[in-house]
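Data block below; observations after.
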Amino acid sequence: MIPGNEDDEVDESRADVSGEIRLPATLESSGNVPERAEIVIVGGGVVGLAIAYYLARRGLDDVVVLERGYLAEGASGRNGGGVRQQWSTEINIRLMQESVELCRRFAVDVGVNVWFRQGGYLFLARNAKEVARLEKNIDLQNRCGVATRMLSPHGAQEIVPELDLTGIVGASYNPTDGILFPWPFLWGYARQAAAHGVRIFTQTAVTSLQPQESGGFIVTTPRGNVRARRVINATGAWSPQLAKMIGVDVPTYPIRHEICSSEPLKPFLRPMVSELSSGLYCSQSMRGEIVGGVTVPGHGSTYAMGSTLEFLATYSRRLVRLMPILGDIKILRQWAGPYDQSPDGNPVLGPAPTHPDFFLACGFVGHGFMMAPIVGKLYAEWLTGGHKHEIFERYTLGRFTDGSGAAQPKEDFNIG
Ligand SMILES: Cc1cc2nc3c(=O)[nH]c(=O)nc-3n(C[C@H](O)[C@H](O)[C@H](O)COP(=O)(O)OP(=O)(O)OC[C@H]3O[C@@H](n4cnc5c(N)ncnc54)[C@H](O)[C@@H]3O)c2cc1C
């Protein structure tokens with residue numbers, strides 16, 4: 001089922017002749033929302049759906065997801081599908097080790113093939129400062145059990161023979177990083193959450209939130225109101241707008257990030273390749289397309305999702321400098337999506353200090369897809385009375401105002 005093609009009414013109990021299990025209707029794009037719910041999750045991107053799925057798996061099915069458009073409308077349907085454990089802080093490395101494991105098991109656990117392919121991530125350095133940065137990170141990653149190693153330029157070329165080594169002075173490579181196809185991730189979470197009782201409404205924007213004296217909120221939509229005991233804000237780059245409805249300031253802001261995809265080529269590129277100096281990254285999809293992007297600074301905060309010639313020209317020049325063999329390929333598709341940029345590059349999680357029933361799950365910048373599986377799992381554990389992971393103490397909204405954020409190790413590897 002493609003996003004937006006709602007209501008595929010198939011009897012779960014029946015398997016077709018090929019043995020494929022067919023699931024019941026997943027998305028509701030018409031009809032009224034229920035009058036009450038224990039938890040309303042606003043936002044049907046990967047973060048909201050991952051939380052819904054894990055809540056349902058832990059037996060909490062009185063959950064409603066409200067998405068104003070279709071699944072994958074936001075950043076979750078527009079990203080590069082990169083999943084890596086090469087980070088600069090221990091907490092993010094460890095989170096991503098667990099997320100990679102969840103990605104590996106996704107097809108078995110959720111029943112959908114997300115084409116997760118562990119071809120590694122290859123980060124390329126063009127100067128000594130970048131090499132030192134990689135070496136420092138590798139040391140920490142190795143201590144956490146991630147087998148990243150430093151490579152000479154020729155070592156990098158053994159992994160990607162098509163690289164032009166001019167100006168490359170070193171590289172880091174972790175073979176268990178990978179890429180996946182984002183959309184089936186959302187379909188899988190949505191279908192399994194719905195199969196466990198979660199109701200997912202698309203074409204259903206939340207237009208207001210009214211805190212109740214007795215706790216919880218009245219959540220208003222064009223399909224009626226839901227009385228929710230708890231609300232989770234998983235609206236990605238739009239999270240500040242939703243929070244503003246109850247007077248909560250979330251200091252994240254939208255940054256347009258452009259990306260493009262080429263005609264399909266014979267498979268030749270196993271890892272995601274990323275150049276530190278320019279922010280260029282590219283990988284080859286299972287269908288053979290080269291999918292990649294590059295940092296084009298200076299456009300400021302915007303919700304504009306248009307594509308620019310400036311991006312295409314910058315990307316093409318950098319890509320061909322790095323892999324001259326790609327000089328003749330055709331770019332077939334170009335698009336953009338919003339990064340939900342947080343001031344320190346880390347997500348914003350846990351309740352708003354002024355509203356203990358209003359939970360945040362936003363600020364994931366350019367790595368929300370890879371973090372969604374583990375963050376969804378940990379959120380569900382905590383909200384169902386289980387363990388409260390340290391991310392809910394560290395990545396609070398309060399850290400931006402009470403000074404606690406300044407004392408935390410700064411993540412400085414928000415690239416690729
Ligand atoms: C070009 C690009 C490349 C990227 N590459 C990677 C990558 O390689 N790896 C990686 O891990 N991450 C990557 N990211 C980041 C990743 O896509 C995001 O961090 C992640 O998808 C965020 O998911 P989300 O669910 O928080 O937000 P979204 O997917 O944006 O979902 C939020 C949803 O909330 C809905 N919404 C908003 N307001 C309301 C409302 N009032 N009522 C109801 N619904 C509402 C929106 O319609 C939207 O569907 C990339 C992002 C971009 C743009």
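Going through the structure tokens in order, the chains are called A, B, and so on, while each chain numbers its residues from 1 and the ligands are numbered from 1 in the order shown.
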
Would you mind listing the residues within 6 Å of ligand 1, counting only C-alpha atoms and all ligand atoms, as an mmCIF file with C-alpha atoms, in the first residue's frame?
data_model
loop_
_atom_site.group_PDB
_atom_site.id
_atom_site.type_symbol
_atom_site.label_atom_id
_atom_site.label_comp_id
_atom_site.auth_asym_id
_atom_site.auth_seq_id
_atom_site.Cartn_x
_atom_site.Cartn_y
_atom_site.Cartn_z
ATOM 1 C CA VAL A 42 0.189 13.762 17.208
ATOM 2 C CA GLY A 43 2.238 13.103 14.061
ATOM 3 C CA GLY A 44 2.262 9.998 11.882
ATOM 4 C CA GLY A 45 5.970 10.047 11.037
ATOM 5 C CA VAL A 46 8.423 7.374 12.047
ATOM 6 C CA VAL A 47 8.761 8.694 15.594
ATOM 7 C CA GLY A 48 5.031 8.774 16.378
ATOM 8 C CA LEU A 66 -3.452 11.773 14.520
ATOM 9 C CA GLU A 67 -1.684 12.694 11.284
ATOM 10 C CA ARG A 68 -2.769 15.765 9.395
ATOM 11 C CA GLY A 69 -1.713 14.410 5.982
ATOM 12 C CA LEU A 71 2.004 8.705 6.538
ATOM 13 C CA ALA A 72 5.460 9.744 5.393
ATOM 14 C CA GLU A 73 4.278 13.252 4.526
ATOM 15 C CA GLY A 74 6.972 14.861 6.668
ATOM 16 C CA ALA A 75 10.698 14.201 6.968
ATOM 17 C CA SER A 76 10.104 10.463 7.396
ATOM 18 C CA ARG A 78 11.891 12.276 2.430
ATOM 19 C CA ASN A 79 15.094 11.046 4.014
ATOM 20 C CA GLY A 80 18.165 9.122 2.958
ATOM 21 C CA GLY A 81 17.600 6.030 5.123
ATOM 22 C CA GLY A 82 21.088 6.097 6.666
ATOM 23 C CA VAL A 83 21.620 4.240 9.953
ATOM 24 C CA ALA A 205 -4.916 17.779 11.798
ATOM 25 C CA VAL A 206 -4.843 18.740 15.442
ATOM 26 C CA THR A 207 -6.052 22.321 15.538
ATOM 27 C CA ALA A 234 5.728 13.799 17.494
ATOM 28 C CA THR A 235 5.151 16.407 14.820
ATOM 29 C CA GLY A 236 8.802 16.716 13.781
ATOM 30 C CA ALA A 237 9.635 20.134 12.398
ATOM 31 C CA TRP A 238 6.146 21.347 13.316
ATOM 32 C CA LEU A 242 1.862 22.161 18.359
ATOM 33 C CA HIS A 257 17.468 19.719 3.597
ATOM 34 C CA GLU A 258 17.659 18.777 -0.071
ATOM 35 C CA ILE A 259 18.371 15.347 -1.523
ATOM 36 C CA ALA A 336 13.554 18.339 0.088
ATOM 37 C CA GLY A 337 12.369 17.823 3.635
ATOM 38 C CA PRO A 338 12.603 19.576 6.978
ATOM 39 C CA TYR A 339 15.251 18.889 9.579
ATOM 40 C CA CYS A 362 11.077 15.916 18.540
ATOM 41 C CA PHE A 364 15.828 14.807 15.804
ATOM 42 C CA VAL A 365 17.655 16.966 13.214
ATOM 43 C CA GLY A 366 19.000 14.645 10.457
ATOM 44 C CA HIS A 367 18.993 11.403 12.419
ATOM 45 C CA GLY A 368 15.440 10.829 13.580
ATOM 46 C CA PHE A 369 14.871 7.885 11.342
ATOM 47 C CA MET A 370 17.737 5.881 12.705
#

Near-A:Gln118 list (8 Å; only C-alpha atoms; drop same-chain fewer than 6 positions) as a PDB file with all heavy atoms, in the first residue's frame:
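Contents of the output file out.pdb:
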ATOM      1  N   PRO A 175      31.758  -1.326   9.364  1.00  0.00           N
ATOM      2  CA  PRO A 175      31.034  -2.189   8.414  1.00  0.00           C
ATOM      3  C   PRO A 175      29.596  -2.498   8.798  1.00  0.00           C
ATOM      4  O   PRO A 175      28.828  -2.938   7.952  1.00  0.00           O
ATOM      5  CB  PRO A 175      31.867  -3.480   8.405  1.00  0.00           C
ATOM      6  CG  PRO A 175      32.673  -3.452   9.651  1.00  0.00           C
ATOM      7  CD  PRO A 175      32.859  -2.014  10.026  1.00  0.00           C
ATOM      8  N   THR A 176      29.193  -2.262  10.051  1.00  0.00           N
ATOM      9  CA  THR A 176      27.820  -2.636  10.425  1.00  0.00           C
ATOM     10  C   THR A 176      26.834  -1.471  10.373  1.00  0.00           C
ATOM     11  O   THR A 176      25.666  -1.631  10.725  1.00  0.00           O
ATOM     12  CB  THR A 176      27.777  -3.302  11.826  1.00  0.00           C
ATOM     13  OG1 THR A 176      28.310  -2.391  12.784  1.00  0.00           O
ATOM     14  CG2 THR A 176      28.556  -4.603  11.847  1.00  0.00           C
ATOM     15  N   ASP A 177      27.279  -0.285   9.957  1.00  0.00           N
ATOM     16  CA  ASP A 177      26.321   0.778   9.666  1.00  0.00           C
ATOM     17  C   ASP A 177      25.597   0.399   8.374  1.00  0.00           C
ATOM     18  O   ASP A 177      26.051  -0.506   7.649  1.00  0.00           O
ATOM     19  CB  ASP A 177      27.046   2.124   9.487  1.00  0.00           C
ATOM     20  CG  ASP A 177      27.676   2.611  10.796  1.00  0.00           C
ATOM     21  OD1 ASP A 177      27.243   2.155  11.862  1.00  0.00           O
ATOM     22  OD2 ASP A 177      28.607   3.443  10.725  1.00  0.00           O
ATOM     23  N   GLY A 178      24.512   1.082   8.071  1.00  0.00           N
ATOM     24  CA  GLY A 178      23.789   0.655   6.869  1.00  0.00           C
ATOM     25  C   GLY A 178      22.772   1.644   6.364  1.00  0.00           C
ATOM     26  O   GLY A 178      22.690   2.788   6.830  1.00  0.00           O
ATOM     27  N   ILE A 179      21.996   1.188   5.401  1.00  0.00           N
ATOM     28  CA  ILE A 179      20.893   2.004   4.862  1.00  0.00           C
ATOM     29  C   ILE A 179      19.643   1.131   4.768  1.00  0.00           C
ATOM     30  O   ILE A 179      19.722  -0.083   4.654  1.00  0.00           O
ATOM     31  CB  ILE A 179      21.201   2.599   3.467  1.00  0.00           C
ATOM     32  CG1 ILE A 179      21.681   1.515   2.497  1.00  0.00           C
ATOM     33  CG2 ILE A 179      22.183   3.722   3.543  1.00  0.00           C
ATOM     34  CD1 ILE A 179      21.724   1.984   1.058  1.00  0.00           C
ATOM     35  N   PRO A 271      28.971   0.925   0.801  1.00  0.00           N
ATOM     36  CA  PRO A 271      28.719   1.769   1.979  1.00  0.00           C
ATOM     37  C   PRO A 271      28.019   3.082   1.647  1.00  0.00           C
ATOM     38  O   PRO A 271      27.964   3.483   0.485  1.00  0.00           O
ATOM     39  CB  PRO A 271      30.130   2.067   2.500  1.00  0.00           C
ATOM     40  CG  PRO A 271      30.983   2.018   1.301  1.00  0.00           C
ATOM     41  CD  PRO A 271      30.356   1.049   0.329  1.00  0.00           C
TER      42      PRO A 271
END

* To do: Could you find all residues in stretch 138-370 of chain A that DSSP calls helix (DSSP H, G or I) from the backbone, and write them as number ranges by chain?
  => A: 138-143, 153-159, 182-195, 236-244, 309-322, 324-328, 368-370

* **Nearby residues (only C-alpha atoms) at most 10 Å from A:Thr89, same-chain spacing under 4 positions excluded, as an MDAnalysis selection string** => chainID A and resid 93:94 137 140:141 408:413

* **Test item: residues at most 7 Å from stretch 123-128 of chain A, only C-alpha atoms, excluding those fewer than 5 positions along its chain, as a PyMOL selection string** => chain A and resi 167-173+273-277

* Could you pull out the strand (DSSP E or B) residues of stretch 300-383 of chain A from DSSP and send them as number ranges by chain? -> A: 301, 331-341, 348-352, 355-362, 365

Output file for the selection above: C-alpha atoms, as a compact mmCIF listing (two decimals), in the first residue's frame:
# COMPACT_ATOMS: atom_id res chain seq x y z
CA SER A 301 14.99 28.51 9.00
CA ILE A 331 19.57 12.80 -11.82
CA LEU A 332 15.96 11.71 -12.06
CA ARG A 333 14.39 13.12 -8.93
CA GLN A 334 15.11 15.93 -6.50
CA TRP A 335 13.19 16.78 -3.36
CA ALA A 336 13.55 18.34 0.09
CA GLY A 337 12.37 17.82 3.64
CA PRO A 338 12.60 19.58 6.98
CA TYR A 339 15.25 18.89 9.58
CA ASP A 340 13.80 19.60 13.03
CA GLN A 341 16.93 21.37 14.23
CA VAL A 348 13.90 16.83 22.92
CA LEU A 349 12.18 14.14 25.02
CA GLY A 350 10.05 13.78 28.12
CA PRO A 351 7.30 16.03 29.50
CA ALA A 352 7.12 19.79 29.20
CA HIS A 355 2.58 20.34 31.52
CA PRO A 356 3.48 16.89 32.88
CA ASP A 357 0.92 15.18 30.58
CA PHE A 358 2.41 16.72 27.42
CA PHE A 359 5.37 14.70 26.15
CA LEU A 360 7.88 15.73 23.52
CA ALA A 361 9.45 13.48 20.91
CA CYS A 362 11.08 15.92 18.54
CA VAL A 365 17.66 16.97 13.21

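Near A:Val100, within 8 Å and counting only C-alpha atoms, sit Val83, Arg84, Gln85, Met96, Gln97, Glu98, Leu102, Cys103, Arg104, Asp177 and Met370 of chain A; same-chain residues fewer than 2 positions away were not included.
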
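Atom CA of A:Glu35 is found 14.7 Å from atom CA of A:Gln212.
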
* Separation of atom CA of A:Ile255 and atom CA of A:Val296, in Å? ->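 So the two atoms, atom CA of A:Ile255 and atom CA of A:Val296, lie 10.8 Å apart.
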
* Asked: By how many Å are atom CA of A:Ala195 and atom CA of A:Asp109 apart?
  ->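 Computing it gives 13.4 Å between the two atoms.
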
Test item: residues at most 10 Å from stretch 183-194 of chain A, only C-alpha atoms, excluding those fewer than 3 positions along its chain, as a short mmCIF file (atom, residue, chain, number, x, y, z; two decimals) with N, CA, C and O atoms, in the first residue's frame:
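This is the output file selection.cif:
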data_model
loop_
_atom_site.label_atom_id
_atom_site.label_comp_id
_atom_site.auth_asym_id
_atom_site.auth_seq_id
_atom_site.Cartn_x
_atom_site.Cartn_y
_atom_site.Cartn_z
N MET A 1 0.84 -1.20 0.00
CA MET A 1 0.00 0.00 0.00
C MET A 1 0.88 1.25 0.00
O MET A 1 1.82 1.35 0.76
N ILE A 2 0.59 2.18 -0.85
CA ILE A 2 1.38 3.40 -0.87
C ILE A 2 0.80 4.41 0.10
O ILE A 2 -0.38 4.37 0.41
N PRO A 3 1.63 5.36 0.63
CA PRO A 3 1.11 6.32 1.58
C PRO A 3 -0.04 7.08 0.94
O PRO A 3 0.03 7.47 -0.23
N LEU A 23 -3.02 -8.01 6.33
CA LEU A 23 -3.45 -7.40 7.58
C LEU A 23 -4.72 -6.57 7.38
O LEU A 23 -5.06 -6.21 6.26
N PRO A 24 -5.42 -6.24 8.46
CA PRO A 24 -6.67 -5.50 8.32
C PRO A 24 -6.41 -4.03 8.01
O PRO A 24 -5.28 -3.58 7.98
N ALA A 25 -7.51 -3.31 7.80
CA ALA A 25 -7.39 -1.87 7.53
C ALA A 25 -6.52 -1.21 8.59
O ALA A 25 -6.68 -1.44 9.77
N THR A 26 -5.60 -0.39 8.14
CA THR A 26 -4.63 0.20 9.05
C THR A 26 -4.96 1.65 9.36
O THR A 26 -4.89 2.08 10.51
N LEU A 27 -5.32 2.39 8.32
CA LEU A 27 -5.48 3.84 8.47
C LEU A 27 -6.93 4.24 8.32
O LEU A 27 -7.65 3.69 7.50
N GLY A 44 2.15 11.37 12.39
CA GLY A 44 2.26 10.00 11.88
C GLY A 44 3.54 9.81 11.09
O GLY A 44 3.55 9.19 10.03
N GLY A 45 4.66 10.34 11.61
CA GLY A 45 5.97 10.05 11.04
C GLY A 45 6.55 8.83 11.74
O GLY A 45 5.87 8.17 12.55
N VAL A 46 7.82 8.59 11.48
CA VAL A 46 8.42 7.37 12.05
C VAL A 46 8.47 7.42 13.57
O VAL A 46 8.28 6.39 14.24
N VAL A 47 8.65 8.61 14.14
CA VAL A 47 8.76 8.69 15.59
C VAL A 47 7.42 8.37 16.26
O VAL A 47 7.34 7.52 17.16
N GLY A 48 6.35 9.02 15.79
CA GLY A 48 5.03 8.77 16.38
C GLY A 48 4.61 7.33 16.20
O GLY A 48 4.07 6.71 17.13
N LEU A 49 4.86 6.78 15.01
CA LEU A 49 4.42 5.41 14.75
C LEU A 49 5.26 4.39 15.52
O LEU A 49 4.74 3.35 15.96
N ALA A 50 6.55 4.67 15.69
CA ALA A 50 7.38 3.74 16.47
C ALA A 50 6.89 3.70 17.93
O ALA A 50 6.77 2.62 18.52
N ILE A 51 6.58 4.86 18.47
CA ILE A 51 6.07 4.89 19.86
C ILE A 51 4.75 4.13 19.93
O ILE A 51 4.53 3.30 20.83
N ALA A 52 3.86 4.39 18.95
CA ALA A 52 2.56 3.70 18.95
C ALA A 52 2.74 2.19 18.89
O ALA A 52 2.09 1.43 19.62
N TYR A 53 3.63 1.76 18.03
CA TYR A 53 3.86 0.32 17.86
C TYR A 53 4.35 -0.32 19.16
O TYR A 53 3.83 -1.34 19.60
N TYR A 54 5.34 0.32 19.78
CA TYR A 54 5.90 -0.29 21.00
C TYR A 54 4.92 -0.19 22.18
O TYR A 54 4.90 -1.08 23.04
N LEU A 55 4.11 0.88 22.22
CA LEU A 55 3.08 0.94 23.27
C LEU A 55 2.13 -0.25 23.11
O LEU A 55 1.80 -0.94 24.07
N ALA A 56 1.70 -0.46 21.87
CA ALA A 56 0.75 -1.56 21.62
C ALA A 56 1.38 -2.90 21.94
O ALA A 56 0.74 -3.79 22.51
N ARG A 57 2.66 -3.04 21.57
CA ARG A 57 3.34 -4.31 21.86
C ARG A 57 3.42 -4.56 23.37
O ARG A 57 3.49 -5.70 23.82
N ASP A 61 -3.14 -0.39 24.24
CA ASP A 61 -3.71 -0.20 22.91
C ASP A 61 -4.71 0.94 22.86
O ASP A 61 -5.27 1.26 21.81
N VAL A 63 -4.68 3.89 22.31
CA VAL A 63 -3.79 4.90 21.75
C VAL A 63 -4.35 5.35 20.40
O VAL A 63 -4.81 4.53 19.61
N VAL A 64 -4.31 6.66 20.17
CA VAL A 64 -4.78 7.21 18.89
C VAL A 64 -3.64 8.02 18.29
O VAL A 64 -3.00 8.82 18.98
N VAL A 65 -3.36 7.78 17.01
CA VAL A 65 -2.37 8.59 16.28
C VAL A 65 -3.14 9.51 15.34
O VAL A 65 -4.01 9.06 14.61
N LEU A 71 0.78 9.19 5.89
CA LEU A 71 2.00 8.71 6.54
C LEU A 71 3.17 9.04 5.61
O LEU A 71 3.05 8.94 4.41
N ALA A 72 4.26 9.41 6.18
CA ALA A 72 5.46 9.74 5.39
C ALA A 72 5.36 11.10 4.71
O ALA A 72 6.14 11.41 3.82
N SER A 76 9.96 11.92 7.44
CA SER A 76 10.10 10.46 7.40
C SER A 76 9.94 9.89 6.00
O SER A 76 10.40 8.79 5.72
N GLY A 77 9.24 10.60 5.14
CA GLY A 77 9.08 10.11 3.77
C GLY A 77 10.06 10.74 2.81
O GLY A 77 9.96 10.55 1.59
N ARG A 78 11.03 11.49 3.32
CA ARG A 78 11.89 12.28 2.43
C ARG A 78 13.37 12.08 2.72
O ARG A 78 14.20 12.83 2.22
N ASN A 79 13.70 11.11 3.54
CA ASN A 79 15.09 11.05 4.01
C ASN A 79 15.93 10.00 3.29
O ASN A 79 15.44 9.25 2.46
N GLY A 81 17.61 7.40 4.60
CA GLY A 81 17.60 6.03 5.12
C GLY A 81 18.93 5.56 5.71
O GLY A 81 19.17 4.37 5.84
N CYS A 103 16.68 -2.61 13.72
CA CYS A 103 16.54 -2.57 12.26
C CYS A 103 16.82 -3.95 11.66
O CYS A 103 16.13 -4.40 10.75
N PHE A 106 13.83 -6.10 12.13
CA PHE A 106 12.54 -5.50 11.79
C PHE A 106 11.66 -6.45 10.98
O PHE A 106 10.48 -6.63 11.28
N ALA A 107 12.24 -7.07 9.97
CA ALA A 107 11.43 -7.93 9.10
C ALA A 107 10.81 -9.08 9.89
O ALA A 107 9.66 -9.44 9.68
N ASP A 109 10.37 -9.13 13.36
CA ASP A 109 9.48 -8.63 14.41
C ASP A 109 8.20 -8.02 13.86
O ASP A 109 7.12 -8.18 14.43
N VAL A 110 8.34 -7.27 12.75
CA VAL A 110 7.21 -6.46 12.27
C VAL A 110 6.58 -7.06 11.01
O VAL A 110 5.45 -6.75 10.66
N GLY A 111 7.33 -7.90 10.33
CA GLY A 111 6.75 -8.60 9.18
C GLY A 111 6.80 -7.83 7.88
O GLY A 111 6.03 -8.09 6.97
N VAL A 112 7.69 -6.85 7.79
CA VAL A 112 7.82 -6.08 6.56
C VAL A 112 9.31 -5.97 6.21
O VAL A 112 10.13 -5.71 7.09
N ASN A 113 9.61 -6.17 4.95
CA ASN A 113 11.00 -6.05 4.52
C ASN A 113 11.34 -4.58 4.30
O ASN A 113 10.73 -3.92 3.46
N VAL A 114 12.30 -4.07 5.06
CA VAL A 114 12.69 -2.66 4.90
C VAL A 114 14.02 -2.53 4.15
O VAL A 114 14.63 -1.48 4.11
N TRP A 115 14.44 -3.65 3.55
CA TRP A 115 15.66 -3.65 2.75
C TRP A 115 16.85 -3.06 3.51
O TRP A 115 17.61 -2.25 2.98
N LEU A 180 18.50 1.80 4.81
CA LEU A 180 17.23 1.09 4.66
C LEU A 180 16.29 1.92 3.79
O LEU A 180 16.56 3.08 3.49
N GLY A 197 -4.56 -2.80 17.96
CA GLY A 197 -5.64 -1.99 18.53
C GLY A 197 -5.46 -0.49 18.48
O GLY A 197 -6.38 0.26 18.82
N VAL A 198 -4.29 0.00 18.06
CA VAL A 198 -4.09 1.46 17.96
C VAL A 198 -4.91 1.98 16.78
O VAL A 198 -4.99 1.33 15.74
N ARG A 199 -5.54 3.13 16.95
CA ARG A 199 -6.28 3.72 15.83
C ARG A 199 -5.46 4.86 15.24
O ARG A 199 -5.00 5.75 15.95
N ILE A 200 -5.26 4.80 13.93
CA ILE A 200 -4.41 5.78 13.25
C ILE A 200 -5.26 6.56 12.25
O ILE A 200 -5.78 5.98 11.29
N PHE A 369 15.30 9.19 11.84
CA PHE A 369 14.87 7.89 11.34
C PHE A 369 15.63 6.77 12.04
O PHE A 369 15.06 5.82 12.54
N PRO A 373 13.52 3.76 16.14
CA PRO A 373 13.22 2.44 16.72
C PRO A 373 13.56 2.37 18.21
O PRO A 373 12.71 1.95 19.01
#

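Among A:Pro34, A:Pro182, A:Gly119, A:Pro211, the residue with the shortest atom-to-atom distance to A:Pro267, counting only C-alpha atoms, is A:Gly119.
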